[in-house]
>>> print(open('query-v9.pdb').read())   # PDB, C-alpha atoms, pLDDT in the B column
ATOM      1  CA  MET A   1       5.117  12.202 -20.325  1.00 63.00           C
ATOM      2  CA  LEU A   2       4.778  11.850 -24.088  1.00 79.00           C
ATOM      3  CA  GLY A   3       8.205  13.428 -24.474  1.00 79.00           C
ATOM      4  CA  SER A   4       9.787  10.198 -23.266  1.00 80.00           C
ATOM      5  CA  LEU A   5       8.077   8.383 -26.155  1.00 85.00           C
ATOM      6  CA  ALA A   6       9.160  10.852 -28.842  1.00 85.00           C
ATOM      7  CA  GLY A   7      12.106   8.777 -30.043  1.00 86.00           C
ATOM      8  CA  LEU A   8      10.077   5.617 -30.568  1.00 87.00           C
ATOM      9  CA  PRO A   9       8.863   4.644 -34.049  1.00 87.00           C
ATOM     10  CA  PHE A  10       5.154   4.768 -33.274  1.00 90.00           C
ATOM     11  CA  HIS A  11       5.133   8.264 -31.755  1.00 90.00           C
ATOM     12  CA  GLY A  12       4.756   9.888 -35.172  1.00 90.00           C
ATOM     13  CA  ARG A  13       1.186   8.585 -35.184  1.00 92.00           C
ATOM     14  CA  TRP A  14       0.448  10.823 -32.180  1.00 93.00           C
ATOM     15  CA  HIS A  15       1.159  13.902 -34.303  1.00 92.00           C
ATOM     16  CA  LYS A  16      -1.510  12.726 -36.746  1.00 95.00           C
ATOM     17  CA  VAL A  17      -3.990  12.195 -33.890  1.00 95.00           C
ATOM     18  CA  SER A  18      -3.420  15.642 -32.387  1.00 93.00           C
ATOM     19  CA  SER A  19      -3.533  17.280 -35.819  1.00 94.00           C
ATOM     20  CA  LEU A  20      -6.894  15.646 -36.560  1.00 95.00           C
ATOM     21  CA  LEU A  21      -8.241  16.889 -33.224  1.00 93.00           C
ATOM     22  CA  ALA A  22      -7.070  20.408 -34.049  1.00 93.00           C
ATOM     23  CA  GLN A  23      -8.990  20.123 -37.320  1.00 94.00           C
ATOM     24  CA  HIS A  24     -12.122  19.015 -35.401  1.00 93.00           C
ATOM     25  CA  LYS A  25     -12.063  15.607 -37.065  1.00 94.00           C
ATOM     26  CA  ALA A  26     -12.941  13.669 -33.936  1.00 92.00           C
ATOM     27  CA  LYS A  27     -13.926  10.406 -35.604  1.00 94.00           C
ATOM     28  CA  GLU A  28     -10.744  10.254 -37.682  1.00 96.00           C
ATOM     29  CA  ALA A  29      -8.689  11.201 -34.618  1.00 94.00           C
ATOM     30  CA  GLU A  30     -10.217   8.379 -32.604  1.00 94.00           C
ATOM     31  CA  GLU A  31      -9.479   5.892 -35.392  1.00 95.00           C
ATOM     32  CA  ALA A  32      -5.891   7.152 -35.577  1.00 95.00           C
ATOM     33  CA  LEU A  33      -5.602   6.794 -31.791  1.00 95.00           C
ATOM     34  CA  LEU A  34      -6.753   3.171 -32.026  1.00 95.00           C
ATOM     35  CA  ALA A  35      -4.096   2.499 -34.675  1.00 95.00           C
ATOM     36  CA  LEU A  36      -1.486   4.134 -32.434  1.00 95.00           C
ATOM     37  CA  LYS A  37      -2.536   2.007 -29.445  1.00 94.00           C
ATOM     38  CA  ALA A  38      -2.335  -1.145 -31.553  1.00 94.00           C
ATOM     39  CA  GLU A  39       1.190  -0.239 -32.599  1.00 95.00           C
ATOM     40  CA  VAL A  40       2.197   0.504 -28.993  1.00 94.00           C
ATOM     41  CA  ILE A  41       0.826  -2.828 -27.784  1.00 93.00           C
ATOM     42  CA  ALA A  42       2.760  -4.684 -30.489  1.00 93.00           C
ATOM     43  CA  SER A  43       5.966  -2.680 -30.076  1.00 92.00           C
ATOM     44  CA  PRO A  44       9.088  -4.714 -29.349  1.00 93.00           C
ATOM     45  CA  ASP A  45      10.699  -1.513 -28.019  1.00 89.00           C
ATOM     46  CA  LEU A  46       8.637  -1.566 -24.798  1.00 91.00           C
ATOM     47  CA  THR A  47       8.133  -3.901 -21.875  1.00 92.00           C
ATOM     48  CA  GLU A  48       4.587  -4.973 -21.027  1.00 92.00           C
ATOM     49  CA  GLU A  49       4.455  -2.477 -18.158  1.00 92.00           C
ATOM     50  CA  ASP A  50       5.765   0.311 -20.390  1.00 92.00           C
ATOM     51  CA  ARG A  51       3.109  -0.526 -22.984  1.00 92.00           C
ATOM     52  CA  LEU A  52       0.366  -0.002 -20.401  1.00 92.00           C
ATOM     53  CA  ILE A  53       1.888   3.265 -19.276  1.00 91.00           C
ATOM     54  CA  ALA A  54       2.337   4.468 -22.870  1.00 92.00           C
ATOM     55  CA  VAL A  55      -1.243   3.606 -23.847  1.00 93.00           C
ATOM     56  CA  SER A  56      -2.518   5.360 -20.725  1.00 91.00           C
ATOM     57  CA  GLY A  57      -0.327   8.369 -21.471  1.00 91.00           C
ATOM     58  CA  TYR A  58      -1.749   8.670 -24.974  1.00 92.00           C
ATOM     59  CA  ASP A  59      -5.276   8.298 -23.565  1.00 92.00           C
ATOM     60  CA  VAL A  60      -4.648  11.092 -21.065  1.00 92.00           C
ATOM     61  CA  ALA A  61      -3.177  13.359 -23.744  1.00 92.00           C
ATOM     62  CA  TYR A  62      -6.071  12.554 -26.090  1.00 93.00           C
ATOM     63  CA  THR A  63      -8.602  13.459 -23.398  1.00 92.00           C
ATOM     64  CA  GLN A  64      -6.793  16.711 -22.644  1.00 92.00           C
ATOM     65  CA  TYR A  65      -6.540  17.662 -26.320  1.00 91.00           C
ATOM     66  CA  THR A  66     -10.199  16.770 -26.849  1.00 91.00           C
ATOM     67  CA  ARG A  67     -11.261  19.020 -23.989  1.00 89.00           C
ATOM     68  CA  LEU A  68      -9.011  21.816 -25.169  1.00 88.00           C
ATOM     69  CA  LEU A  69      -9.799  21.628 -28.872  1.00 87.00           C
ATOM     70  CA  LEU A  70     -13.305  20.175 -29.150  1.00 82.00           C
ATOM     71  CA  ASP A  71     -15.295  20.942 -26.008  1.00 74.00           C
ATOM     72  CA  LYS A  72     -17.320  24.105 -26.292  1.00 61.00           C
ATOM     73  CA  THR A  73     -17.980  24.570 -22.578  1.00 46.00           C
ATOM     74  CA  GLY A  74     -14.453  25.438 -21.533  1.00 46.00           C
ATOM     75  CA  ALA A  75     -15.278  24.287 -18.012  1.00 45.00           C
ATOM     76  CA  ALA A  76     -12.413  22.644 -16.200  1.00 46.00           C
ATOM     77  CA  ASP A  77     -13.048  19.057 -15.213  1.00 47.00           C
ATOM     78  CA  PRO A  78     -12.242  18.158 -11.591  1.00 45.00           C
ATOM     79  CA  ALA A  79     -10.275  15.134 -12.807  1.00 45.00           C
ATOM     80  CA  THR A  80      -8.043  17.398 -14.867  1.00 44.00           C
ATOM     81  CA  ARG A  81      -7.471  19.721 -11.919  1.00 43.00           C
ATOM     82  CA  GLY A  82      -6.623  16.723  -9.739  1.00 42.00           C
ATOM     83  CA  PHE A  83      -4.184  15.417 -12.302  1.00 44.00           C
ATOM     84  CA  ARG A  84      -2.378  18.744 -12.511  1.00 43.00           C
ATOM     85  CA  SER A  85      -2.272  19.639  -8.847  1.00 38.00           C
ATOM     86  CA  ALA A  86      -1.979  16.413  -6.891  1.00 46.00           C
ATOM     87  CA  THR A  87       0.345  13.442  -6.865  1.00 57.00           C
ATOM     88  CA  PRO A  88       0.533  11.231  -9.972  1.00 62.00           C
ATOM     89  CA  VAL A  89      -1.344   8.489  -8.101  1.00 67.00           C
ATOM     90  CA  THR A  90      -4.196  10.850  -7.235  1.00 68.00           C
ATOM     91  CA  GLY A  91      -4.330  12.072 -10.820  1.00 66.00           C
ATOM     92  CA  LEU A  92      -4.368   8.545 -12.220  1.00 68.00           C
ATOM     93  CA  LYS A  93      -7.167   7.564  -9.855  1.00 73.00           C
ATOM     94  CA  ALA A  94      -9.185  10.636 -10.840  1.00 70.00           C
ATOM     95  CA  LEU A  95      -8.681   9.887 -14.518  1.00 72.00           C
ATOM     96  CA  ALA A  96      -9.605   6.236 -13.952  1.00 72.00           C
ATOM     97  CA  LEU A  97     -12.856   7.301 -12.319  1.00 74.00           C
ATOM     98  CA  ALA A  98     -13.568   9.767 -15.127  1.00 71.00           C
ATOM     99  CA  ARG A  99     -12.972   7.094 -17.782  1.00 72.00           C
ATOM    100  CA  LYS A 100     -15.223   4.624 -15.976  1.00 77.00           C
ATOM    101  CA  THR A 101     -17.904   7.299 -15.676  1.00 76.00           C
ATOM    102  CA  GLN A 102     -17.653   7.770 -19.450  1.00 77.00           C
ATOM    103  CA  GLY A 103     -18.202   4.026 -19.866  1.00 80.00           C
ATOM    104  CA  ASP A 104     -14.575   3.203 -20.721  1.00 80.00           C
ATOM    105  CA  HIS A 105     -14.059   0.564 -18.033  1.00 79.00           C
ATOM    106  CA  ALA A 106     -11.038  -1.059 -19.699  1.00 83.00           C
ATOM    107  CA  THR A 107      -9.000   2.149 -19.645  1.00 80.00           C
ATOM    108  CA  GLY A 108     -10.291   2.990 -16.166  1.00 76.00           C
ATOM    109  CA  ASN A 109      -9.153  -0.383 -14.870  1.00 82.00           C
ATOM    110  CA  ALA A 110      -5.759  -0.010 -16.563  1.00 80.00           C
ATOM    111  CA  LEU A 111      -5.252   3.419 -14.981  1.00 76.00           C
ATOM    112  CA  GLU A 112      -6.214   2.049 -11.564  1.00 81.00           C
ATOM    113  CA  ALA A 113      -3.701  -0.790 -11.992  1.00 80.00           C
ATOM    114  CA  ILE A 114      -0.963   1.684 -12.883  1.00 82.00           C
ATOM    115  CA  ALA A 115      -1.854   3.835  -9.855  1.00 74.00           C
ATOM    116  CA  LEU A 116      -1.701   0.751  -7.636  1.00 79.00           C
ATOM    117  CA  HIS A 117       1.708  -0.129  -9.070  1.00 74.00           C
ATOM    118  CA  PHE A 118       2.980   3.365  -8.211  1.00 71.00           C
ATOM    119  CA  GLN A 119       1.545   3.087  -4.701  1.00 73.00           C
ATOM    120  CA  ILE A 120       3.269  -0.261  -4.160  1.00 74.00           C
ATOM    121  CA  ASP A 121       6.571   1.180  -5.400  1.00 62.00           C
ATOM    122  CA  GLU A 122       6.206   4.188  -3.103  1.00 61.00           C
ATOM    123  CA  GLY A 123       5.428   1.872  -0.177  1.00 66.00           C
ATOM    124  CA  ARG A 124       8.504  -0.241  -0.877  1.00 68.00           C
ATOM    125  CA  ARG A 125      10.722   2.816  -1.035  1.00 62.00           C
ATOM    126  CA  GLY A 126       9.188   4.129   2.176  1.00 64.00           C
ATOM    127  CA  ASN A 127       9.740   0.802   3.967  1.00 56.00           C
ATOM    128  CA  SER A 128      13.357   0.536   2.844  1.00 52.00           C
ATOM    129  CA  ASN A 129      14.173   3.693   4.781  1.00 50.00           C
ATOM    130  CA  VAL A 130      12.997   2.194   8.080  1.00 44.00           C
TER     131      VAL A 130
END
>>> encode(input="query-v9.pdb", output="structure tokens")
Amino acid sequence: MLGSLAGLPFHGRWHKVSSLLAQHKAKEAEEALLALKAEVIASPDLTEEDRLIAVSGYDVAYTQYTRLLLDKTGAADPATRGFRSATPVTGLKALALARKTQGDHATGNALEAIALHFQIDEGRRGNSNV
């Protein structure tokens, strides 16, 4: 998903975030992620809906990189397996639950809203074929 953001001016900040994670500089990476999110939210290049999707995409990538580069357990999280193997809606719901479990209710709510939006779109497409 981040590939679709690669041409936008703020995406260069993501490279800094992922590089900091690779260097095990979690605090600096989190601060860089916050700066990236602020730039995404203020970007005139995106619609409001696209901003939410972009922020969520960076959050998902950050979580995946954190697990890959920083976690010592190596155990696969069920939310990650759900995201990879199921529909995007199922994956978003699993990630929303995981974020809420971690205490990040704002991101969890945003992911649930995006999942609901996808479900509504799928329902509309399904009804138009009737």
>>> residues_around(input="query-v9.pdb", residues="Pro44 in chain A", least_positions_apart="6", cutoff="12 Å", atoms="all atoms listed in the file", output="VMD selection string")
chain A and resid 8 to 10 50 to 51
>>> write_last_selection(input="query-v9.pdb", atoms="C-alpha atoms", output="tab-separated table (two decimals), in the frame of the given file")
chain	number	residue	atom	x	y	z
A	8	LEU	CA	10.08	5.62	-30.57
A	9	PRO	CA	8.86	4.64	-34.05
A	10	PHE	CA	5.15	4.77	-33.27
A	50	ASP	CA	5.76	0.31	-20.39
A	51	ARG	CA	3.11	-0.53	-22.98
>>> resolve_selection(input="query-v9.pdb", expression="the PyMOL selection byres ((chain A and resi 111) around 7)", output="list in words")
Ser56, Leu92, Lys93, Ala96, Thr107, Gly108, Asn109, Ala110, Glu112, Ala113, Ile114 and Ala115 of chain A
>>> closest_residue(input="query-v9.pdb", among="A:Ala29, A:Leu97, A:Asp71, A:Ala54", to="Ile41 in chain A", atoms="only C-alpha atoms")
A:Ala54
>>> closest_residue(input="query-v9.pdb", among="A:Ala98, A:Ala106, A:Leu68, A:Leu52", to="Leu21 in chain A", atoms="only C-alpha atoms")
A:Leu68
>>> axis_aligned_box(input="query-v9.pdb", around="range 93-103 of chain A", padding_each_side="8 Å", output="lines of an AutoDock Vina configuration file")
center_x = -12.7
center_y = 7.3
center_z = -14.9
size_x = 27.0
size_y = 22.6
size_z = 26.0
>>> atom_distance(input="query-v9.pdb", atom1="CA of Ala6 in chain A", atom2="CA of Leu116 in chain A")
25.9 Å
>>> closest_residue(input="query-v9.pdb", among="A:Leu70, A:Leu95, A:Arg13, A:Ile120", to="Lys25 in chain A", atoms="all atoms listed in the file")
A:Leu70
>>> atom_distance(input="query-v9.pdb", atom1="CA of His105 in chain A", atom2="CA of Val60 in chain A")
14.4 Å
>>> atom_distance(input="query-v9.pdb", atom1="CA of Leu36 in chain A", atom2="CA of Thr101 in chain A")
23.7 Å
>>> resolve_selection(input="query-v9.pdb", expression="the PyMOL selection byres ((chain A and resi 62) around 12)", output="PDB file with C-alpha atoms, in the coordinates of the input")
ATOM      1  CA  LEU A   2       4.778  11.850 -24.088  1.00 79.00           C
ATOM      2  CA  TRP A  14       0.448  10.823 -32.180  1.00 93.00           C
ATOM      3  CA  HIS A  15       1.159  13.902 -34.303  1.00 92.00           C
ATOM      4  CA  LYS A  16      -1.510  12.726 -36.746  1.00 95.00           C
ATOM      5  CA  VAL A  17      -3.990  12.195 -33.890  1.00 95.00           C
ATOM      6  CA  SER A  18      -3.420  15.642 -32.387  1.00 93.00           C
ATOM      7  CA  SER A  19      -3.533  17.280 -35.819  1.00 94.00           C
ATOM      8  CA  LEU A  20      -6.894  15.646 -36.560  1.00 95.00           C
ATOM      9  CA  LEU A  21      -8.241  16.889 -33.224  1.00 93.00           C
ATOM     10  CA  ALA A  22      -7.070  20.408 -34.049  1.00 93.00           C
ATOM     11  CA  ALA A  26     -12.941  13.669 -33.936  1.00 92.00           C
ATOM     12  CA  ALA A  29      -8.689  11.201 -34.618  1.00 94.00           C
ATOM     13  CA  GLU A  30     -10.217   8.379 -32.604  1.00 94.00           C
ATOM     14  CA  GLU A  31      -9.479   5.892 -35.392  1.00 95.00           C
ATOM     15  CA  ALA A  32      -5.891   7.152 -35.577  1.00 95.00           C
ATOM     16  CA  LEU A  33      -5.602   6.794 -31.791  1.00 95.00           C
ATOM     17  CA  LEU A  34      -6.753   3.171 -32.026  1.00 95.00           C
ATOM     18  CA  LEU A  36      -1.486   4.134 -32.434  1.00 95.00           C
ATOM     19  CA  LYS A  37      -2.536   2.007 -29.445  1.00 94.00           C
ATOM     20  CA  VAL A  55      -1.243   3.606 -23.847  1.00 93.00           C
ATOM     21  CA  SER A  56      -2.518   5.360 -20.725  1.00 91.00           C
ATOM     22  CA  GLY A  57      -0.327   8.369 -21.471  1.00 91.00           C
ATOM     23  CA  TYR A  58      -1.749   8.670 -24.974  1.00 92.00           C
ATOM     24  CA  ASP A  59      -5.276   8.298 -23.565  1.00 92.00           C
ATOM     25  CA  VAL A  60      -4.648  11.092 -21.065  1.00 92.00           C
ATOM     26  CA  ALA A  61      -3.177  13.359 -23.744  1.00 92.00           C
ATOM     27  CA  THR A  63      -8.602  13.459 -23.398  1.00 92.00           C
ATOM     28  CA  GLN A  64      -6.793  16.711 -22.644  1.00 92.00           C
ATOM     29  CA  TYR A  65      -6.540  17.662 -26.320  1.00 91.00           C
ATOM     30  CA  THR A  66     -10.199  16.770 -26.849  1.00 91.00           C
ATOM     31  CA  ARG A  67     -11.261  19.020 -23.989  1.00 89.00           C
ATOM     32  CA  LEU A  68      -9.011  21.816 -25.169  1.00 88.00           C
ATOM     33  CA  LEU A  69      -9.799  21.628 -28.872  1.00 87.00           C
ATOM     34  CA  LEU A  70     -13.305  20.175 -29.150  1.00 82.00           C
TER      35      LEU A  70
END
>>> decode(input="query-v9.pdb", residues="range 107-122 of chain A", atoms="all heavy atoms", output="PDB file, in the first residue's frame")
ATOM      1  N   THR A 107      -6.329   5.237  16.860  1.00  0.00           N
ATOM      2  CA  THR A 107      -5.982   4.510  15.643  1.00  0.00           C
ATOM      3  C   THR A 107      -6.925   3.336  15.434  1.00  0.00           C
ATOM      4  O   THR A 107      -7.352   3.066  14.309  1.00  0.00           O
ATOM      5  CB  THR A 107      -4.524   4.026  15.695  1.00  0.00           C
ATOM      6  OG1 THR A 107      -3.671   5.161  15.863  1.00  0.00           O
ATOM      7  CG2 THR A 107      -4.138   3.291  14.417  1.00  0.00           C
ATOM      8  N   GLY A 108      -7.279   2.647  16.521  1.00  0.00           N
ATOM      9  CA  GLY A 108      -8.219   1.534  16.421  1.00  0.00           C
ATOM     10  C   GLY A 108      -9.550   1.978  15.854  1.00  0.00           C
ATOM     11  O   GLY A 108     -10.117   1.325  14.969  1.00  0.00           O
ATOM     12  N   ASN A 109     -10.049   3.103  16.343  1.00  0.00           N
ATOM     13  CA  ASN A 109     -11.314   3.637  15.827  1.00  0.00           C
ATOM     14  C   ASN A 109     -11.200   4.046  14.366  1.00  0.00           C
ATOM     15  O   ASN A 109     -12.125   3.827  13.577  1.00  0.00           O
ATOM     16  CB  ASN A 109     -11.782   4.818  16.674  1.00  0.00           C
ATOM     17  CG  ASN A 109     -12.220   4.395  18.057  1.00  0.00           C
ATOM     18  OD1 ASN A 109     -12.570   3.240  18.282  1.00  0.00           O
ATOM     19  ND2 ASN A 109     -12.196   5.317  18.996  1.00  0.00           N
ATOM     20  N   ALA A 110     -10.066   4.648  13.999  1.00  0.00           N
ATOM     21  CA  ALA A 110      -9.868   5.049  12.598  1.00  0.00           C
ATOM     22  C   ALA A 110      -9.844   3.823  11.683  1.00  0.00           C
ATOM     23  O   ALA A 110     -10.458   3.826  10.608  1.00  0.00           O
ATOM     24  CB  ALA A 110      -8.576   5.850  12.445  1.00  0.00           C
ATOM     25  N   LEU A 111      -9.160   2.773  12.109  1.00  0.00           N
ATOM     26  CA  LEU A 111      -9.113   1.546  11.304  1.00  0.00           C
ATOM     27  C   LEU A 111     -10.493   0.909  11.179  1.00  0.00           C
ATOM     28  O   LEU A 111     -10.854   0.409  10.109  1.00  0.00           O
ATOM     29  CB  LEU A 111      -8.117   0.557  11.907  1.00  0.00           C
ATOM     30  CG  LEU A 111      -6.645   0.948  11.785  1.00  0.00           C
ATOM     31  CD1 LEU A 111      -5.785   0.031  12.626  1.00  0.00           C
ATOM     32  CD2 LEU A 111      -6.198   0.926  10.336  1.00  0.00           C
ATOM     33  N   GLU A 112     -11.272   0.934  12.259  1.00  0.00           N
ATOM     34  CA  GLU A 112     -12.631   0.399  12.186  1.00  0.00           C
ATOM     35  C   GLU A 112     -13.486   1.217  11.217  1.00  0.00           C
ATOM     36  O   GLU A 112     -14.282   0.657  10.461  1.00  0.00           O
ATOM     37  CB  GLU A 112     -13.276   0.401  13.571  1.00  0.00           C
ATOM     38  CG  GLU A 112     -12.787  -0.721  14.452  1.00  0.00           C
ATOM     39  CD  GLU A 112     -13.406  -0.684  15.840  1.00  0.00           C
ATOM     40  OE1 GLU A 112     -14.012   0.336  16.222  1.00  0.00           O
ATOM     41  OE2 GLU A 112     -13.271  -1.694  16.541  1.00  0.00           O
ATOM     42  N   ALA A 113     -13.316   2.538  11.217  1.00  0.00           N
ATOM     43  CA  ALA A 113     -14.079   3.389  10.308  1.00  0.00           C
ATOM     44  C   ALA A 113     -13.711   3.097   8.857  1.00  0.00           C
ATOM     45  O   ALA A 113     -14.585   3.050   7.979  1.00  0.00           O
ATOM     46  CB  ALA A 113     -13.837   4.863  10.629  1.00  0.00           C
ATOM     47  N   ILE A 114     -12.438   2.877   8.611  1.00  0.00           N
ATOM     48  CA  ILE A 114     -11.998   2.553   7.246  1.00  0.00           C
ATOM     49  C   ILE A 114     -12.567   1.200   6.824  1.00  0.00           C
ATOM     50  O   ILE A 114     -13.052   1.038   5.699  1.00  0.00           O
ATOM     51  CB  ILE A 114     -10.462   2.571   7.161  1.00  0.00           C
ATOM     52  CG1 ILE A 114      -9.953   4.010   7.348  1.00  0.00           C
ATOM     53  CG2 ILE A 114      -9.981   2.005   5.824  1.00  0.00           C
ATOM     54  CD1 ILE A 114      -8.474   4.104   7.592  1.00  0.00           C
ATOM     55  N   ALA A 115     -12.539   0.228   7.732  1.00  0.00           N
ATOM     56  CA  ALA A 115     -13.109  -1.096   7.426  1.00  0.00           C
ATOM     57  C   ALA A 115     -14.590  -0.973   7.107  1.00  0.00           C
ATOM     58  O   ALA A 115     -15.081  -1.583   6.151  1.00  0.00           O
ATOM     59  CB  ALA A 115     -12.878  -2.053   8.593  1.00  0.00           C
ATOM     60  N   LEU A 116     -15.308  -0.170   7.895  1.00  0.00           N
ATOM     61  CA  LEU A 116     -16.733   0.032   7.656  1.00  0.00           C
ATOM     62  C   LEU A 116     -16.959   0.666   6.284  1.00  0.00           C
ATOM     63  O   LEU A 116     -17.866   0.267   5.546  1.00  0.00           O
ATOM     64  CB  LEU A 116     -17.340   0.905   8.752  1.00  0.00           C
ATOM     65  CG  LEU A 116     -18.829   1.229   8.591  1.00  0.00           C
ATOM     66  CD1 LEU A 116     -19.657  -0.052   8.607  1.00  0.00           C
ATOM     67  CD2 LEU A 116     -19.279   2.170   9.697  1.00  0.00           C
ATOM     68  N   HIS A 117     -16.126   1.628   5.936  1.00  0.00           N
ATOM     69  CA  HIS A 117     -16.242   2.273   4.624  1.00  0.00           C
ATOM     70  C   HIS A 117     -16.087   1.243   3.503  1.00  0.00           C
ATOM     71  O   HIS A 117     -16.855   1.239   2.542  1.00  0.00           O
ATOM     72  CB  HIS A 117     -15.190   3.378   4.492  1.00  0.00           C
ATOM     73  CG  HIS A 117     -15.162   4.017   3.144  1.00  0.00           C
ATOM     74  ND1 HIS A 117     -16.132   4.904   2.733  1.00  0.00           N
ATOM     75  CD2 HIS A 117     -14.307   3.878   2.106  1.00  0.00           C
ATOM     76  CE1 HIS A 117     -15.855   5.287   1.501  1.00  0.00           C
ATOM     77  NE2 HIS A 117     -14.757   4.683   1.102  1.00  0.00           N
ATOM     78  N   PHE A 118     -15.093   0.343   3.647  1.00  0.00           N
ATOM     79  CA  PHE A 118     -14.898  -0.696   2.637  1.00  0.00           C
ATOM     80  C   PHE A 118     -16.093  -1.640   2.584  1.00  0.00           C
ATOM     81  O   PHE A 118     -16.510  -2.059   1.511  1.00  0.00           O
ATOM     82  CB  PHE A 118     -13.616  -1.490   2.903  1.00  0.00           C
ATOM     83  CG  PHE A 118     -12.363  -0.752   2.544  1.00  0.00           C
ATOM     84  CD1 PHE A 118     -11.277  -0.756   3.401  1.00  0.00           C
ATOM     85  CD2 PHE A 118     -12.249  -0.057   1.356  1.00  0.00           C
ATOM     86  CE1 PHE A 118     -10.119  -0.087   3.080  1.00  0.00           C
ATOM     87  CE2 PHE A 118     -11.094   0.614   1.018  1.00  0.00           C
ATOM     88  CZ  PHE A 118     -10.018   0.600   1.892  1.00  0.00           C
ATOM     89  N   GLN A 119     -16.656  -1.966   3.743  1.00  0.00           N
ATOM     90  CA  GLN A 119     -17.822  -2.848   3.766  1.00  0.00           C
ATOM     91  C   GLN A 119     -19.012  -2.193   3.072  1.00  0.00           C
ATOM     92  O   GLN A 119     -19.733  -2.846   2.316  1.00  0.00           O
ATOM     93  CB  GLN A 119     -18.208  -3.182   5.203  1.00  0.00           C
ATOM     94  CG  GLN A 119     -17.311  -4.208   5.846  1.00  0.00           C
ATOM     95  CD  GLN A 119     -17.724  -4.478   7.268  1.00  0.00           C
ATOM     96  OE1 GLN A 119     -17.878  -3.566   8.057  1.00  0.00           O
ATOM     97  NE2 GLN A 119     -17.889  -5.747   7.597  1.00  0.00           N
ATOM     98  N   ILE A 120     -19.212  -0.916   3.304  1.00  0.00           N
ATOM     99  CA  ILE A 120     -20.320  -0.196   2.666  1.00  0.00           C
ATOM    100  C   ILE A 120     -20.124  -0.178   1.158  1.00  0.00           C
ATOM    101  O   ILE A 120     -21.060  -0.438   0.402  1.00  0.00           O
ATOM    102  CB  ILE A 120     -20.452   1.229   3.239  1.00  0.00           C
ATOM    103  CG1 ILE A 120     -20.935   1.152   4.681  1.00  0.00           C
ATOM    104  CG2 ILE A 120     -21.383   2.082   2.391  1.00  0.00           C
ATOM    105  CD1 ILE A 120     -20.859   2.467   5.437  1.00  0.00           C
ATOM    106  N   ASP A 121     -18.881   0.090   0.723  1.00  0.00           N
ATOM    107  CA  ASP A 121     -18.597   0.097  -0.719  1.00  0.00           C
ATOM    108  C   ASP A 121     -18.844  -1.276  -1.334  1.00  0.00           C
ATOM    109  O   ASP A 121     -19.427  -1.384  -2.414  1.00  0.00           O
ATOM    110  CB  ASP A 121     -17.153   0.522  -0.987  1.00  0.00           C
ATOM    111  CG  ASP A 121     -16.962   2.024  -0.925  1.00  0.00           C
ATOM    112  OD1 ASP A 121     -17.974   2.754  -0.821  1.00  0.00           O
ATOM    113  OD2 ASP A 121     -15.807   2.469  -0.974  1.00  0.00           O
ATOM    114  N   GLU A 122     -18.411  -2.326  -0.635  1.00  0.00           N
ATOM    115  CA  GLU A 122     -18.631  -3.681  -1.147  1.00  0.00           C
ATOM    116  C   GLU A 122     -20.121  -3.986  -1.230  1.00  0.00           C
ATOM    117  O   GLU A 122     -20.588  -4.602  -2.179  1.00  0.00           O
ATOM    118  CB  GLU A 122     -17.935  -4.706  -0.255  1.00  0.00           C
ATOM    119  CG  GLU A 122     -16.439  -4.710  -0.398  1.00  0.00           C
ATOM    120  CD  GLU A 122     -15.750  -5.635   0.598  1.00  0.00           C
ATOM    121  OE1 GLU A 122     -16.444  -6.343   1.370  1.00  0.00           O
ATOM    122  OE2 GLU A 122     -14.516  -5.635   0.619  1.00  0.00           O
TER     123      GLU A 122
END
